[in-house]
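File shown here: structure_34.pdb, holding PDB, C-alpha atoms.
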```pdb
ATOM      1  CA  MET A  63       0.000   0.000   0.000
ATOM      2  CA  PRO A  64       1.917   3.078  -1.144
ATOM      3  CA  VAL A  65       0.972   5.963   1.110
ATOM      4  CA  ASN A  66       0.048   9.048  -0.865
ATOM      5  CA  SER A  67      -1.773  11.121   1.744
ATOM      6  CA  SER A  68      -0.661  12.853   4.912
ATOM      7  CA  TYR A  69      -2.667  10.625   7.291
ATOM      8  CA  VAL A  70      -3.000   6.941   8.087
ATOM      9  CA  PHE A  71      -5.578   5.684  10.568
ATOM     10  CA  ILE A  72      -4.726   2.313  12.144
ATOM     11  CA  ALA A  73      -7.293   0.088  13.863
ATOM     12  CA  SER A  74      -5.961  -3.011  15.613
ATOM     13  CA  MET A  75      -7.874  -5.611  17.597
ATOM     14  CA  ASP A  76      -8.309  -9.171  18.697
ATOM     15  CA  VAL A  77     -11.508 -11.157  18.288
ATOM     16  CA  GLU A  78     -12.961 -14.017  20.273
ATOM     17  CA  PRO A  79     -11.720 -17.272  18.684
ATOM     18  CA  ASP A  80     -15.204 -18.649  17.969
ATOM     19  CA  LYS A  81     -16.086 -15.437  16.066
ATOM     20  CA  GLU A  82     -12.872 -15.227  14.015
ATOM     21  CA  GLU A  83     -14.306 -16.688  10.803
ATOM     22  CA  GLU A  84     -17.273 -14.302  10.811
ATOM     23  CA  PHE A  85     -14.984 -11.390  11.777
ATOM     24  CA  ASN A  86     -12.799 -11.963   8.717
ATOM     25  CA  ASP A  87     -15.768 -12.521   6.408
ATOM     26  CA  VAL A  88     -17.573  -9.363   7.533
ATOM     27  CA  TYR A  89     -14.396  -7.276   7.486
ATOM     28  CA  ASP A  90     -13.539  -8.275   3.908
ATOM     29  CA  SER A  91     -17.000  -8.545   2.351
ATOM     30  CA  GLU A  92     -18.846  -5.682   4.095
ATOM     31  CA  HIS A  93     -16.814  -3.436   6.371
ATOM     32  CA  ILE A  94     -13.982  -2.516   4.002
ATOM     33  CA  PRO A  95     -16.274  -1.981   0.984
ATOM     34  CA  LEU A  96     -18.469   0.325   3.111
ATOM     35  CA  ILE A  97     -15.489   2.280   4.452
ATOM     36  CA  LYS A  98     -14.117   2.706   0.912
ATOM     37  CA  THR A  99     -17.304   4.612  -0.026
ATOM     38  CA  VAL A 100     -16.544   7.317   2.558
ATOM     39  CA  PRO A 101     -15.304  10.521   0.908
ATOM     40  CA  GLY A 102     -11.666  11.039   1.835
ATOM     41  CA  VAL A 103     -10.813   7.360   2.343
ATOM     42  CA  LEU A 104      -8.125   6.638  -0.235
ATOM     43  CA  SER A 105      -7.205   3.019   0.495
ATOM     44  CA  VAL A 106      -7.578   0.216   3.028
ATOM     45  CA  ALA A 107      -5.303  -2.731   3.752
ATOM     46  CA  ARG A 108      -5.656  -5.488   6.363
ATOM     47  CA  PHE A 109      -2.867  -7.326   8.135
ATOM     48  CA  GLN A 110      -2.431 -10.197  10.557
ATOM     49  CA  MET A 111       0.349 -10.271  13.144
ATOM     50  CA  ASP A 112       3.262 -12.497  12.160
ATOM     51  CA  GLU A 113       6.410 -13.512  13.989
ATOM     52  CA  LEU A 114       9.187 -10.950  13.636
ATOM     53  CA  THR A 115      12.781 -12.159  13.435
ATOM     54  CA  LEU A 116      15.509  -9.811  12.236
ATOM     55  CA  ILE A 117      19.163  -8.897  12.566
ATOM     56  CA  LEU A 118      19.539  -6.032  15.013
ATOM     57  CA  GLY A 119      22.870  -4.838  16.375
ATOM     58  CA  GLY A 120      24.599  -7.784  14.708
ATOM     59  CA  GLU A 121      22.358 -10.347  16.443
ATOM     60  CA  ARG A 122      19.457 -12.420  15.157
ATOM     61  CA  ARG A 123      16.483 -11.579  17.366
ATOM     62  CA  THR A 124      12.857 -12.580  17.578
ATOM     63  CA  ILE A 125      10.735  -9.705  18.837
ATOM     64  CA  ARG A 126       7.605 -10.491  20.854
ATOM     65  CA  ILE A 127       5.423  -7.714  22.218
ATOM     66  CA  GLU A 128       2.974  -8.740  24.920
ATOM     67  CA  ASN A 129      -0.727  -8.153  24.210
ATOM     68  CA  GLU A 130      -0.216  -6.876  20.659
ATOM     69  CA  PRO A 131      -3.500  -7.293  18.726
ATOM     70  CA  LYS A 132      -3.630 -10.026  16.070
ATOM     71  CA  TYR A 133      -5.430  -8.004  13.374
ATOM     72  CA  THR A 134      -4.676  -4.539  12.006
ATOM     73  CA  ALA A 135      -6.304  -2.443   9.299
ATOM     74  CA  MET A 136      -4.646   0.625   7.831
ATOM     75  CA  TYR A 137      -6.827   3.320   6.300
ATOM     76  CA  GLU A 138      -5.203   6.003   4.214
ATOM     77  CA  VAL A 139      -7.309   9.156   4.704
ATOM     78  CA  GLU A 140      -7.103  12.681   3.327
ATOM     79  CA  SER A 141      -7.466  14.317   6.754
ATOM     80  CA  PRO A 142      -8.471  13.561  10.349
ATOM     81  CA  HIS A 143     -11.880  15.070   9.571
ATOM     82  CA  VAL A 144     -12.762  11.982   7.531
ATOM     83  CA  LEU A 145     -12.958  10.009  10.792
ATOM     84  CA  THR A 146     -15.547  12.369  12.283
ATOM     85  CA  SER A 147     -17.698  12.730   9.169
ATOM     86  CA  ASP A 148     -21.319  11.606   8.982
ATOM     87  CA  ALA A 149     -20.333   9.267   6.138
ATOM     88  CA  TRP A 150     -17.679   7.573   8.319
ATOM     89  CA  GLY A 151     -20.150   7.231  11.200
ATOM     90  CA  ALA A 152     -22.737   5.656   8.930
ATOM     91  CA  ALA A 153     -20.229   3.266   7.357
ATOM     92  CA  VAL A 154     -18.816   1.936  10.635
ATOM     93  CA  ASP A 155     -22.319   1.324  11.971
ATOM     94  CA  SER A 156     -23.663  -0.453   8.884
ATOM     95  CA  GLY A 157     -23.998  -4.098   7.946
ATOM     96  CA  ARG A 158     -23.284  -6.921  10.396
ATOM     97  CA  TRP A 159     -20.315  -5.140  12.010
ATOM     98  CA  PRO A 160     -22.127  -3.368  14.917
ATOM     99  CA  GLU A 161     -24.070  -6.418  16.134
ATOM    100  CA  ASN A 162     -22.218  -9.514  14.913
ATOM    101  CA  VAL A 163     -18.591  -8.387  15.151
ATOM    102  CA  ARG A 164     -17.872  -5.316  17.306
ATOM    103  CA  PRO A 165     -19.167  -6.874  20.577
ATOM    104  CA  TYR A 166     -16.716  -9.777  20.142
ATOM    105  CA  THR A 167     -13.617  -7.658  19.566
ATOM    106  CA  LYS A 168     -11.209  -6.780  22.347
ATOM    107  CA  ASN A 169      -7.778  -5.292  22.920
ATOM    108  CA  ARG A 170      -8.685  -2.536  20.463
ATOM    109  CA  ARG A 171      -6.156   0.141  19.551
ATOM    110  CA  HIS A 172      -6.777   3.139  17.340
ATOM    111  CA  VAL A 173      -3.963   5.385  16.128
ATOM    112  CA  LEU A 174      -3.816   8.296  13.702
ATOM    113  CA  LEU A 175      -0.434   8.899  12.095
ATOM    114  CA  LYS A 176       0.555  12.137  10.387
ATOM    115  CA  ARG A 177       3.157  11.825   7.660
ATOM    116  CA  MET A 178       6.446  13.569   8.389
ATOM    117  CA  SER A 179       8.280  13.253   5.061
ATOM    118  CA  PRO A 180       7.314  12.877   1.416
TER     119      PRO A 180
END
```
Starting from the file, lay out its structure as structure tokens.
Amino acid sequence: MPVNSSYVFIASMDVEPDKEEEFNDVYDSEHIPLIKTVPGVLSVARFQMDELTLILGGERRTIRIENEPKYTAMYEVESPHVLTSDAWGAAVDSGRWPENVRPYTKNRRHVLLKRMSP
């Protein structure tokens, strides 16, 4: 996902294991398509936590961060105002997400990043 705007909104979370299949289905088939209709949302990409092993300071290290959420979505947005728009509010409360998914998520983290360099 090449970042072309000045802002990236990141939503990370875990989901109850017995709801994971529905979580992924709703996220991909409903939630992301609805969010993409919001004016000012430029792109969306989803990620799943993976083991991180790298060379750091000349040593091979595996990095483990306690309580890091399993799932992350990155939303490239034109401005922070997109996240407070009526269109955003309607999109995040549409479809099966509010009743079938949101109540079963936990360890939620929301971050807005402002780009520092081109």
Closest atom pairs, segment 65-132 of chain A residues within 10 Å of segment 162-169 of chain A, only C-alpha atoms, as CSV:
```
residue,atom,partner,partner_atom,distance
A:Ser74,CA,A:Asn169,CA,7.9
A:Met75,CA,A:Asn169,CA,5.3
A:Asp76,CA,A:Lys168,CA,5.2
A:Val77,CA,A:Thr167,CA,4.3
A:Glu78,CA,A:Tyr166,CA,5.7
A:Pro79,CA,A:Tyr166,CA,9.1
A:Asp80,CA,A:Tyr166,CA,9.3
A:Lys81,CA,A:Tyr166,CA,7.0
A:Glu82,CA,A:Val163,CA,9.0
A:Glu84,CA,A:Val163,CA,7.5
A:Phe85,CA,A:Val163,CA,5.8
A:Asn86,CA,A:Val163,CA,9.4
A:Val88,CA,A:Val163,CA,7.7
A:Tyr89,CA,A:Val163,CA,8.8
A:Asn129,CA,A:Asn169,CA,7.7
A:Glu130,CA,A:Asn169,CA,8.1
A:Pro131,CA,A:Asn169,CA,6.3
A:Lys132,CA,A:Asn169,CA,9.3
```
Give as an mmCIF file with C-alpha atoms, in the frame of the given file the residues that the PyMOL selection byres ((chain A and resi 136-150) around 8) matches when applied to the coordinates above.
```
data_model
loop_
_atom_site.group_PDB
_atom_site.id
_atom_site.type_symbol
_atom_site.label_atom_id
_atom_site.label_comp_id
_atom_site.auth_asym_id
_atom_site.auth_seq_id
_atom_site.Cartn_x
_atom_site.Cartn_y
_atom_site.Cartn_z
ATOM 1 C CA VAL A 65 0.972 5.963 1.110
ATOM 2 C CA ASN A 66 0.048 9.048 -0.865
ATOM 3 C CA SER A 67 -1.773 11.121 1.744
ATOM 4 C CA SER A 68 -0.661 12.853 4.912
ATOM 5 C CA TYR A 69 -2.667 10.625 7.291
ATOM 6 C CA VAL A 70 -3.000 6.941 8.087
ATOM 7 C CA PHE A 71 -5.578 5.684 10.568
ATOM 8 C CA ILE A 72 -4.726 2.313 12.144
ATOM 9 C CA ALA A 73 -7.293 0.088 13.863
ATOM 10 C CA ILE A 97 -15.489 2.280 4.452
ATOM 11 C CA VAL A 100 -16.544 7.317 2.558
ATOM 12 C CA PRO A 101 -15.304 10.521 0.908
ATOM 13 C CA GLY A 102 -11.666 11.039 1.835
ATOM 14 C CA VAL A 103 -10.813 7.360 2.343
ATOM 15 C CA LEU A 104 -8.125 6.638 -0.235
ATOM 16 C CA SER A 105 -7.205 3.019 0.495
ATOM 17 C CA VAL A 106 -7.578 0.216 3.028
ATOM 18 C CA ALA A 107 -5.303 -2.731 3.752
ATOM 19 C CA ARG A 108 -5.656 -5.488 6.363
ATOM 20 C CA THR A 134 -4.676 -4.539 12.006
ATOM 21 C CA ALA A 135 -6.304 -2.443 9.299
ATOM 22 C CA GLY A 151 -20.150 7.231 11.200
ATOM 23 C CA ALA A 152 -22.737 5.656 8.930
ATOM 24 C CA ALA A 153 -20.229 3.266 7.357
ATOM 25 C CA VAL A 154 -18.816 1.936 10.635
ATOM 26 C CA LEU A 174 -3.816 8.296 13.702
#
```
Open item on the list: Rounded to one decimal, what separation in Å do you get between atom CA of Tyr133 of chain A and atom CA of Leu118 of chain A?
Closed with: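 One can read the atom CA of Tyr133 of chain A to atom CA of Leu118 of chain A distance as 25.1 Å.
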- [ ] Find the distance between atom CA of Ile127 of chain A and atom CA of Met178 of chain A and write it in Å to one decimal.
- [x]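 Between atom CA of Ile127 of chain A and atom CA of Met178 of chain A the gap is 25.4 Å.
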TODO: Could you tell me which of A:Glu161, A:Ile125, A:Pro95, A:Pro180 comes closest to Glu113 of chain A if we count all atoms listed in the file?
DONE: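 Smallest separation from Glu113 of chain A among the options: A:Ile125.
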Task: Å distance separating atom CA of His93 of chain A from atom CA of Asp112 of chain A, one decimal place - done: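 Going from atom CA of His93 of chain A over to atom CA of Asp112 of chain A covers 22.8 Å.
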Task: Counting all atoms listed in the file, the option among A:Gln110, A:Glu92, A:Arg171, A:Arg177 closest to Ser156 of chain A - done: A:Glu92
N, CA and C atoms modelled onto segment 110-121 of chain A, as a compact mmCIF listing (two decimals), in the coordinates of the input:
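Output below, filename selection_20.txt:
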```
# COMPACT_ATOMS: atom_id res chain seq x y z
N GLN A 110 -2.39 -9.30 9.41
CA GLN A 110 -2.43 -10.20 10.56
C GLN A 110 -1.02 -10.27 11.15
N MET A 111 -0.94 -10.22 12.46
CA MET A 111 0.35 -10.27 13.14
C MET A 111 1.10 -11.53 12.74
N ASP A 112 2.39 -11.38 12.51
CA ASP A 112 3.26 -12.50 12.16
C ASP A 112 4.51 -12.41 13.04
N GLU A 113 5.19 -13.51 13.18
CA GLU A 113 6.41 -13.51 13.99
C GLU A 113 7.46 -12.63 13.32
N LEU A 114 8.16 -11.85 14.14
CA LEU A 114 9.19 -10.95 13.64
C LEU A 114 10.55 -11.42 14.10
N THR A 115 11.39 -11.82 13.16
CA THR A 115 12.78 -12.16 13.44
C THR A 115 13.63 -11.32 12.50
N LEU A 116 14.67 -10.67 13.04
CA LEU A 116 15.51 -9.81 12.24
C LEU A 116 16.91 -9.73 12.84
N ILE A 117 17.82 -9.17 12.08
CA ILE A 117 19.16 -8.90 12.57
C ILE A 117 19.15 -7.47 13.11
N LEU A 118 19.55 -7.33 14.35
CA LEU A 118 19.54 -6.03 15.01
C LEU A 118 20.80 -5.94 15.88
N GLY A 119 21.63 -4.96 15.62
CA GLY A 119 22.87 -4.84 16.38
C GLY A 119 23.78 -6.04 16.19
N GLY A 120 23.74 -6.64 15.00
CA GLY A 120 24.60 -7.78 14.71
C GLY A 120 24.10 -9.11 15.25
N GLU A 121 22.92 -9.11 15.88
CA GLU A 121 22.36 -10.35 16.44
C GLU A 121 21.02 -10.67 15.79
```
